[in-house]
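Colleague: Below is entry_35.cif; it holds mmCIF, C-alpha atoms.
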```cif
data_entry
#
loop_
_atom_site.label_atom_id
_atom_site.label_comp_id
_atom_site.auth_asym_id
_atom_site.auth_seq_id
_atom_site.Cartn_x
_atom_site.Cartn_y
_atom_site.Cartn_z
CA MET A 1 0.00 0.00 0.00
CA THR A 2 2.83 2.39 0.75
CA ARG A 3 4.38 1.62 -2.64
CA ARG A 4 1.12 2.83 -4.18
CA GLY A 5 1.18 6.13 -2.31
CA LEU A 6 -0.34 5.61 1.13
CA SER A 7 1.60 6.86 4.13
CA PRO A 8 2.60 4.19 6.65
CA LEU A 9 -0.14 5.37 9.02
CA GLU A 10 -2.75 5.25 6.26
CA ALA A 11 -1.67 1.70 5.38
CA LEU A 12 -1.92 0.61 9.02
CA ARG A 13 -5.41 2.10 9.29
CA ALA A 14 -6.44 0.41 6.03
CA ALA A 15 -5.35 -2.95 7.43
CA THR A 16 -7.09 -2.48 10.79
CA THR A 17 -9.91 -0.01 11.47
CA SER A 18 -10.90 0.51 7.84
CA ALA A 19 -10.85 -3.23 7.16
CA ALA A 20 -13.06 -3.85 10.20
CA GLU A 21 -15.56 -1.32 8.88
CA LEU A 22 -15.51 -2.83 5.39
CA ILE A 23 -16.33 -6.32 6.64
CA GLY A 24 -19.03 -5.00 8.94
CA TRP A 25 -17.28 -5.83 12.22
CA PRO A 26 -16.26 -2.42 13.62
CA ASP A 27 -17.76 -3.28 17.02
CA ASP A 28 -15.74 -6.49 17.29
CA VAL A 29 -12.31 -5.97 15.70
CA GLY A 30 -9.99 -3.35 14.28
CA ALA A 31 -8.77 -1.65 17.45
CA VAL A 32 -7.38 -2.49 20.87
CA GLU A 33 -10.38 -1.63 23.03
CA VAL A 34 -12.31 -3.24 25.86
CA GLY A 35 -14.82 -5.73 24.48
CA LYS A 36 -13.11 -6.22 21.11
CA PHE A 37 -11.19 -9.25 19.90
CA ALA A 38 -7.54 -8.29 19.75
CA ASP A 39 -4.68 -10.24 18.28
CA LEU A 40 -1.52 -8.22 18.86
CA ILE A 41 1.93 -7.98 17.34
CA ALA A 42 5.00 -6.02 18.40
CA VAL A 43 7.97 -4.91 16.37
CA GLN A 44 11.20 -3.13 17.19
CA GLY A 45 10.73 0.30 15.69
CA ASP A 46 7.92 2.60 14.70
CA PRO A 47 5.88 1.32 11.73
CA THR A 48 4.38 4.79 11.22
CA VAL A 49 7.89 5.96 10.36
CA ASP A 50 9.28 2.79 8.74
CA ILE A 51 6.59 0.36 7.59
CA THR A 52 9.21 -2.30 6.80
CA VAL A 53 9.63 -3.08 10.52
CA LEU A 54 6.39 -5.07 10.09
CA GLN A 55 8.43 -7.58 8.09
CA HIS A 56 10.22 -8.55 11.31
CA VAL A 57 7.53 -9.30 13.91
CA LYS A 58 9.04 -9.97 17.35
CA PHE A 59 5.91 -10.72 19.40
CA VAL A 60 2.54 -12.29 18.60
CA MET A 61 -0.46 -12.70 20.91
CA LYS A 62 -3.56 -14.49 19.64
CA ASP A 63 -6.69 -15.07 21.68
CA GLY A 64 -4.82 -13.91 24.80
CA ARG A 65 -2.02 -16.45 24.36
CA ILE A 66 1.58 -15.60 23.49
CA ILE A 67 2.45 -17.39 20.26
CA LYS A 68 5.87 -15.81 19.66
CA ASN A 69 8.13 -13.76 21.91
CA ASP A 70 11.51 -12.75 20.50
CA LEU A 71 11.61 -9.38 22.26
CA ARG A 72 14.79 -8.42 24.01
CA LEU A 73 14.07 -6.29 27.03
CA PRO A 74 16.72 -3.79 28.18
CA ARG A 75 18.50 -4.70 31.40
#
```
With the file now loaded, output its structure as structure tokens.

Modeller:
Amino acid sequence: MTRRGLSPLEALRAATTSAAELIGWPDDVGAVEVGKFADLIAVQGDPTVDITVLQHVKFVMKDGRIIKNDLRLPR
């Protein structure tokens, strides 16, 4: 999406909140809010500045369970 002209933030919104609206599920998914289903990922870096950090996902949580955790916490 960014190669076609969207900013990183616009691409992230298209993949989350806008997608939830398009499929008719805005009350259930698309944002991290109380009462919504939320699968989470974490990356090292800011995807609104550099969208390519999403190619290197370090943490995944699905249905409240940690699926992947390669984060390195500072000591």

Colleague: Env of segment 18-29 of chain A: 12 Å cut, atoms = only C-alpha atoms, seq-sep filter 5 positions within chain, self excluded. Answer as number ranges by chain.

Modeller: A: 9-13, 34-40

Colleague: For Val32 of chain A, which residue out of A:Thr16, A:Ser7, A:Thr52, A:Asn69 is the nearest one, using all atoms listed in the file?

Modeller: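 Checking each candidate against Val32 of chain A, we get A:Thr16 as the closest.
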
Colleague: I'd like the residues picked by the PyMOL selection byres ((chain A and resi 53-57) around 10) written out as a ChimeraX atom specification, using the chain letters and numbers from the file.

Modeller: /A:41-52,58-60,68-71

Colleague: Could you check how far atom CA of Met1 of chain A sits from atom CA of Ile66 of chain A, in Å to one decimal?

Modeller: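 Computing it gives 28.2 Å between the two atoms.
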
Colleague: For a test of reading the model, state the distance in Å between atom CA of Ala14 of chain A and atom CA of Gly30 of chain A, rounded to one decimal.

Modeller: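 Computing the Euclidean distance for atom CA of Ala14 of chain A and atom CA of Gly30 of chain A yields 9.7 Å.
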
Colleague: Once 8 Å is added on each side, what centre and edge lengths in Å to one decimal does the axis-aligned box around all listed atoms of segment 15-29 of chain A have, as JSON?

Modeller:
```
{"center_x": -12.2, "center_y": -3.0, "center_z": 11.3, "size_x": 29.7, "size_y": 23.0, "size_z": 27.9}
```
